[in-house]
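Visitor: My structure is below; once you've seen it, I'll send some questions.
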Amino acid sequence: MSSMEFWGVEVKAGQPLKVEPKDFYMIHLSQAALGESSKKGNESVPLFLKFDEKKLVLGTLSPENIPQLSFDLVFEREFELSHNWKNGSVFFCGYQAAIPENDSDQEIKLNK
Amino acid sequence: MSSMEFWGVEVKAGQPLKVEPKDFYMIHLSQAALGESSKKGNESVPLFLKFDEKKLVLGTLSPENIPQLSFDLVFEREFELSHNWKNGSVFFCGYQAAIPENDSDQEIKLNK
Amino acid sequence: MSSMEFWGVEVKAGQPLKVEPKDFYMIHLSQAALGESSKKGNESVPLFLKFDEKKLVLGTLSPENIPQLSFDLVFEREFELSHNWKNGSVFFCGYQAAIPENDSDQEIKLNK
Amino acid sequence: MSSMEFWGVEVKAGQPLKVEPKDFYMIHLSQAALGESSKKGNESVPLFLKFDEKKLVLGTLSPENIPQLSFDLVFEREFELSHNWKNGSVFFCGYQAAIPENDSDQEIKLNK
Amino acid sequence: MSSMEFWGVEVKAGQPLKVEPKDFYMIHLSQAALGESSKKGNESVPLFLKFDEKKLVLGTLSPENIPQLSFDLVFEREFELSHNWKNGSVFFCGYQAAIPENDSDQEIKLNK
């Protein structure tokens, strides 16, 4: 089995999406992009993250000027993505990667 | 043989391109750039990805304001890239990298 | 225990936040994003870092044009983040990663 | 000898530059930046890459709006960079890195 | 001792700064940001790098539109940063990382 796999989700307006990484995997969140929309406007679309009871703003998109955004974030357990863009979906992608087994690996080395 | 190699493709308007990574390699998609065009406009060019029956928007380019876009995405199996830009091609590049053989590697260490 | 974990903080205007990485962990600072605000303006919001008695500018955000910013920075000991945006908070995120034990690791190899 | 070294070149208008990585090294192309120019304009400066007989557009710069551009590309063998900007040079930089000897490394482990 | 450490410098107008990485460390240059300034203008601020007798343009900042810039560059020996912005300093940051001892590491493995 491969240790890195593409990961992508569509998040609809007003429908927060809970994401739970697979066992022994973490999710690397690489980007967010506004989906297609029939209306072009200059509205601000803040992207929200809920993690460990904290709510953070990940960034703000805008159909005309900032249709996408890069991240370099990792999640080792459940997180929630949401937005309130009335005119379409926001697509989040990245990849899932096997968590390196540093600790056990190291113990083995130390015990040799 | 080298374990990382440049990878690049030209995707023409209305001609979705299926990409299949070589055996034991994954493709790291690093960027997309609009090709040359005789007409300069402000049109929006959404870039589409099809993976595992899901269709996602990777981002939106625009000849005057956003002629290129960075990604940090990996694909371990077939994916499809497409766009509908009437005035030219979109070039996607990145690199292919040998999949690290973590699992077997680890077993060997454990069995030593 | 996982070796990489999401990390995020909210920094309020005029309230510098001291951050101290956990033992044997460093913090990778990946981004800053302006929070939501009822007023939209074009004001400049410089972001300040204090580290080892030095004060640096990390970048300048602006609600309309530059609502977020990417970093690729690591902190192995205490640092302080601050800003003076009157209209809201700035959210900083990234991840904490276990410090690779290169030195000891290497000694063990050499002593084998 | 260090395994990573800074790498940078100046590419003049109409003078395509062939680049050949050193033996056992690959070049990581990190960025392109327009040089200084006495004239400021809004012209488009497409950057071209030739690799394996394919010609690709790497991106498009513009003195006023997009004076530089980031890449995350690797080249394990000869490539050619070019542009047609009348008003100055384009500077490409990145670093050269020793190719990890995964294959032989792995064989040794497997044969132990 | 940690193998990665924050690194940051202030470069003043007309005062080129020579930087020499510590022994067995390389400097990863991650970003440049214009400092605070009482005057807001649209002037261009080219950033210069001198390395091995070559002078390169790293990018061009502008207080209103492009107040910061990301890099992914490494320096294994002395380099010089400079700019001519009349209205303030430019802050460069990144991190220093221990040079991985690949060669010796590998020899040991081969000799086992």
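In the structure tokens, the first chain shown is A, the next is B, and so on; residue numbers restart at 1 for each chain, and ligands run from 1 in the order shown.
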Give as a JSON list (two decimals) with C-alpha atoms, in the first residue's frame every residue of chain D that touches chain E within 6 Å, counting only C-alpha atoms.
Guide:
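Result file is result.json:
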[["chain", "number", "residue", "atom", "x", "y", "z"],
["D", 5, "GLU", "CA", 24.12, 24.11, -2.74],
["D", 6, "PHE", "CA", 22.63, 27.38, -3.93],
["D", 30, "SER", "CA", 12.55, 27.45, -6.80],
["D", 33, "ALA", "CA", 12.36, 37.00, -10.94],
["D", 35, "GLY", "CA", 15.67, 41.85, -13.27],
["D", 68, "GLN", "CA", 8.41, 37.07, -9.54],
["D", 94, "GLY", "CA", 17.01, 27.28, -6.51]]
Visitor: Got a sec to tell me which of range 25-104 of chain D DSSP assigns to strand (DSSP E or B), as a PyMOL selection string?
Guide: chain D and resi 25-34+45-51+54-62+66+68-75+79-83+90-98
Visitor: If DSSP is run on the backbone, what residues of chain A are helix (DSSP H, G or I)? A reply as a ChimeraX atom specification would be ideal.
Guide: /A:102-111
Visitor: Could you turn the residues from that selection into a file that holds all heavy atoms, as a PDB file, in the first residue's frame?
Guide:
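Final file, again-v1.pdb:
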ATOM      1  N   ASN A 102       8.279   7.226  14.254  1.00  0.00           N
ATOM      2  CA  ASN A 102       9.550   7.666  14.818  1.00  0.00           C
ATOM      3  C   ASN A 102       9.856   7.057  16.169  1.00  0.00           C
ATOM      4  O   ASN A 102      10.958   6.596  16.433  1.00  0.00           O
ATOM      5  CB  ASN A 102       9.551   9.188  15.005  1.00  0.00           C
ATOM      6  CG  ASN A 102       9.807   9.878  13.694  1.00  0.00           C
ATOM      7  OD1 ASN A 102      10.202   9.225  12.738  1.00  0.00           O
ATOM      8  ND2 ASN A 102       9.583  11.163  13.644  1.00  0.00           N
ATOM      9  N   ASP A 103       8.845   7.088  17.001  1.00  0.00           N
ATOM     10  CA  ASP A 103       9.106   6.730  18.387  1.00  0.00           C
ATOM     11  C   ASP A 103       9.513   5.264  18.507  1.00  0.00           C
ATOM     12  O   ASP A 103      10.551   4.930  19.047  1.00  0.00           O
ATOM     13  CB  ASP A 103       7.880   7.038  19.235  1.00  0.00           C
ATOM     14  CG  ASP A 103       7.569   8.522  19.148  1.00  0.00           C
ATOM     15  OD1 ASP A 103       8.525   9.312  19.068  1.00  0.00           O
ATOM     16  OD2 ASP A 103       6.396   8.879  19.146  1.00  0.00           O
ATOM     17  N   SER A 104       8.691   4.401  17.944  1.00  0.00           N
ATOM     18  CA  SER A 104       8.970   2.967  18.051  1.00  0.00           C
ATOM     19  C   SER A 104      10.283   2.674  17.319  1.00  0.00           C
ATOM     20  O   SER A 104      11.126   1.943  17.803  1.00  0.00           O
ATOM     21  CB  SER A 104       7.838   2.174  17.436  1.00  0.00           C
ATOM     22  OG  SER A 104       7.606   2.631  16.123  1.00  0.00           O
ATOM     23  N   ASP A 105      10.412   3.277  16.145  1.00  0.00           N
ATOM     24  CA  ASP A 105      11.608   3.122  15.332  1.00  0.00           C
ATOM     25  C   ASP A 105      12.847   3.392  16.170  1.00  0.00           C
ATOM     26  O   ASP A 105      13.817   2.631  16.172  1.00  0.00           O
ATOM     27  CB  ASP A 105      11.520   4.132  14.190  1.00  0.00           C
ATOM     28  CG  ASP A 105      12.509   3.842  13.077  1.00  0.00           C
ATOM     29  OD1 ASP A 105      13.160   2.783  13.124  1.00  0.00           O
ATOM     30  OD2 ASP A 105      12.626   4.673  12.206  1.00  0.00           O
ATOM     31  N   GLN A 106      12.760   4.462  16.911  1.00  0.00           N
ATOM     32  CA  GLN A 106      13.887   4.929  17.686  1.00  0.00           C
ATOM     33  C   GLN A 106      14.191   3.991  18.856  1.00  0.00           C
ATOM     34  O   GLN A 106      15.335   3.667  19.130  1.00  0.00           O
ATOM     35  CB  GLN A 106      13.508   6.304  18.210  1.00  0.00           C
ATOM     36  CG  GLN A 106      14.627   7.096  18.780  1.00  0.00           C
ATOM     37  CD  GLN A 106      14.061   8.405  19.267  1.00  0.00           C
ATOM     38  OE1 GLN A 106      13.452   9.150  18.502  1.00  0.00           O
ATOM     39  NE2 GLN A 106      14.229   8.709  20.535  1.00  0.00           N
ATOM     40  N   GLU A 107      13.128   3.554  19.483  1.00  0.00           N
ATOM     41  CA  GLU A 107      13.309   2.607  20.584  1.00  0.00           C
ATOM     42  C   GLU A 107      14.051   1.369  20.108  1.00  0.00           C
ATOM     43  O   GLU A 107      14.957   0.871  20.739  1.00  0.00           O
ATOM     44  CB  GLU A 107      11.960   2.175  21.139  1.00  0.00           C
ATOM     45  CG  GLU A 107      11.393   3.178  22.135  1.00  0.00           C
ATOM     46  CD  GLU A 107       9.973   2.817  22.476  1.00  0.00           C
ATOM     47  OE1 GLU A 107       9.726   1.637  22.799  1.00  0.00           O
ATOM     48  OE2 GLU A 107       9.107   3.702  22.414  1.00  0.00           O
ATOM     49  N   ILE A 108      13.625   0.892  18.955  1.00  0.00           N
ATOM     50  CA  ILE A 108      14.273  -0.297  18.405  1.00  0.00           C
ATOM     51  C   ILE A 108      15.763  -0.048  18.210  1.00  0.00           C
ATOM     52  O   ILE A 108      16.598  -0.835  18.603  1.00  0.00           O
ATOM     53  CB  ILE A 108      13.611  -0.690  17.064  1.00  0.00           C
ATOM     54  CG1 ILE A 108      12.199  -1.170  17.342  1.00  0.00           C
ATOM     55  CG2 ILE A 108      14.414  -1.754  16.349  1.00  0.00           C
ATOM     56  CD1 ILE A 108      11.321  -1.257  16.127  1.00  0.00           C
ATOM     57  N   LYS A 109      16.058   1.117  17.652  1.00  0.00           N
ATOM     58  CA  LYS A 109      17.461   1.432  17.442  1.00  0.00           C
ATOM     59  C   LYS A 109      18.210   1.480  18.768  1.00  0.00           C
ATOM     60  O   LYS A 109      19.308   0.976  18.891  1.00  0.00           O
ATOM     61  CB  LYS A 109      17.605   2.789  16.741  1.00  0.00           C
ATOM     62  CG  LYS A 109      17.439   2.692  15.243  1.00  0.00           C
ATOM     63  CD  LYS A 109      17.757   4.038  14.603  1.00  0.00           C
ATOM     64  CE  LYS A 109      17.199   4.094  13.193  1.00  0.00           C
ATOM     65  NZ  LYS A 109      16.845   5.445  12.822  1.00  0.00           N
ATOM     66  N   LEU A 110      17.563   2.104  19.769  1.00  0.00           N
ATOM     67  CA  LEU A 110      18.228   2.263  21.054  1.00  0.00           C
ATOM     68  C   LEU A 110      18.445   0.915  21.742  1.00  0.00           C
ATOM     69  O   LEU A 110      19.419   0.705  22.444  1.00  0.00           O
ATOM     70  CB  LEU A 110      17.399   3.180  21.959  1.00  0.00           C
ATOM     71  CG  LEU A 110      17.366   4.648  21.526  1.00  0.00           C
ATOM     72  CD1 LEU A 110      16.333   5.413  22.321  1.00  0.00           C
ATOM     73  CD2 LEU A 110      18.748   5.281  21.701  1.00  0.00           C
ATOM     74  N   ASN A 111      17.505  -0.006  21.497  1.00  0.00           N
ATOM     75  CA  ASN A 111      17.575  -1.298  22.171  1.00  0.00           C
ATOM     76  C   ASN A 111      18.497  -2.291  21.501  1.00  0.00           C
ATOM     77  O   ASN A 111      18.772  -3.353  22.046  1.00  0.00           O
ATOM     78  CB  ASN A 111      16.167  -1.923  22.242  1.00  0.00           C
ATOM     79  CG  ASN A 111      15.288  -1.132  23.186  1.00  0.00           C
ATOM     80  OD1 ASN A 111      15.814  -0.422  24.041  1.00  0.00           O
ATOM     81  ND2 ASN A 111      13.991  -1.258  23.036  1.00  0.00           N
TER      82      ASN A 111
END
Visitor: Using only C-alpha atoms, which protein or nucleic acid residues come within 8 Å of Ser82 in chain C? Drop anything in the same chain fewer than 3 positions from it, and give the result as a list in words.
Guide: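 Counting only the stated atoms, we get Val11, Lys12, Ala13, Gly14, Gln15, Pro16, Leu17, Leu47, Phe48 and Leu49 of chain C.
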Visitor: Using N, CA, C and O atoms, can you export the residues from the last selection as a JSON list (two decimals), in the first residue's frame?
Guide:
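Ended up saving to out.json:
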[["chain", "number", "residue", "atom", "x", "y", "z"],
["C", 11, "VAL", "N", -4.38, 35.82, 17.78],
["C", 11, "VAL", "CA", -3.66, 36.94, 18.39],
["C", 11, "VAL", "C", -4.52, 38.19, 18.26],
["C", 11, "VAL", "O", -4.91, 38.58, 17.16],
["C", 12, "LYS", "N", -4.85, 38.78, 19.42],
["C", 12, "LYS", "CA", -5.72, 39.96, 19.43],
["C", 12, "LYS", "C", -4.91, 41.24, 19.33],
["C", 12, "LYS", "O", -3.75, 41.28, 19.74],
["C", 13, "ALA", "N", -5.53, 42.27, 18.80],
["C", 13, "ALA", "CA", -4.84, 43.55, 18.62],
["C", 13, "ALA", "C", -4.28, 44.05, 19.94],
["C", 13, "ALA", "O", -4.96, 44.06, 20.96],
["C", 14, "GLY", "N", -3.03, 44.46, 19.92],
["C", 14, "GLY", "CA", -2.42, 45.04, 21.11],
["C", 14, "GLY", "C", -2.17, 44.05, 22.23],
["C", 14, "GLY", "O", -1.83, 44.46, 23.34],
["C", 15, "GLN", "N", -2.35, 42.75, 21.97],
["C", 15, "GLN", "CA", -2.09, 41.73, 22.99],
["C", 15, "GLN", "C", -1.06, 40.74, 22.47],
["C", 15, "GLN", "O", -1.41, 39.66, 22.02],
["C", 16, "PRO", "N", 0.22, 41.13, 22.57],
["C", 16, "PRO", "CA", 1.28, 40.23, 22.09],
["C", 16, "PRO", "C", 1.14, 38.86, 22.72],
["C", 16, "PRO", "O", 0.80, 38.76, 23.90],
["C", 17, "LEU", "N", 1.35, 37.80, 21.93],
["C", 17, "LEU", "CA", 1.22, 36.44, 22.44],
["C", 17, "LEU", "C", 2.58, 35.74, 22.43],
["C", 17, "LEU", "O", 3.21, 35.59, 21.39],
["C", 47, "LEU", "N", 2.69, 42.52, 10.74],
["C", 47, "LEU", "CA", 2.76, 41.44, 11.74],
["C", 47, "LEU", "C", 4.17, 41.41, 12.31],
["C", 47, "LEU", "O", 5.14, 41.37, 11.55],
["C", 48, "PHE", "N", 4.27, 41.42, 13.64],
["C", 48, "PHE", "CA", 5.58, 41.50, 14.28],
["C", 48, "PHE", "C", 5.96, 40.20, 14.97],
["C", 48, "PHE", "O", 5.11, 39.52, 15.54],
["C", 49, "LEU", "N", 7.24, 39.93, 14.92],
["C", 49, "LEU", "CA", 7.80, 38.77, 15.61],
["C", 49, "LEU", "C", 8.91, 39.27, 16.52],
["C", 49, "LEU", "O", 9.77, 40.06, 16.10]]
Visitor: Show me, as a PyMOL selection string, the residues that have an atom within 7 Å of Val9 in chain A when counting only C-alpha atoms, minus same-chain residues fewer than 4 positions from it.
Guide: chain A and resi 91-93
Visitor: Write the selection just made, keeping C-alpha atoms, as a PDB file, in the first residue's frame?
Guide:
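Written out: selection_6.pdb:
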ATOM      1  CA  PHE A  91     -12.939  22.519  -2.638  1.00  0.00           C
ATOM      2  CA  PHE A  92     -10.199  21.579  -0.172  1.00  0.00           C
ATOM      3  CA  CYS A  93      -7.417  19.216  -1.245  1.00  0.00           C
TER       4      CYS A  93
END
Visitor: Report, in Å with one decimal, the straight-line distance from CA of Lys39 in chain A to CA of His83 in chain A.
Guide: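 Separation between CA of Lys39 in chain A and CA of His83 in chain A: 17.3 Å.
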Visitor: So how many Å separate CA of Asp23 in chain E and CA of Ile27 in chain D, to one decimal?
Guide: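 That distance, rounded to one decimal, is 23.7 Å.
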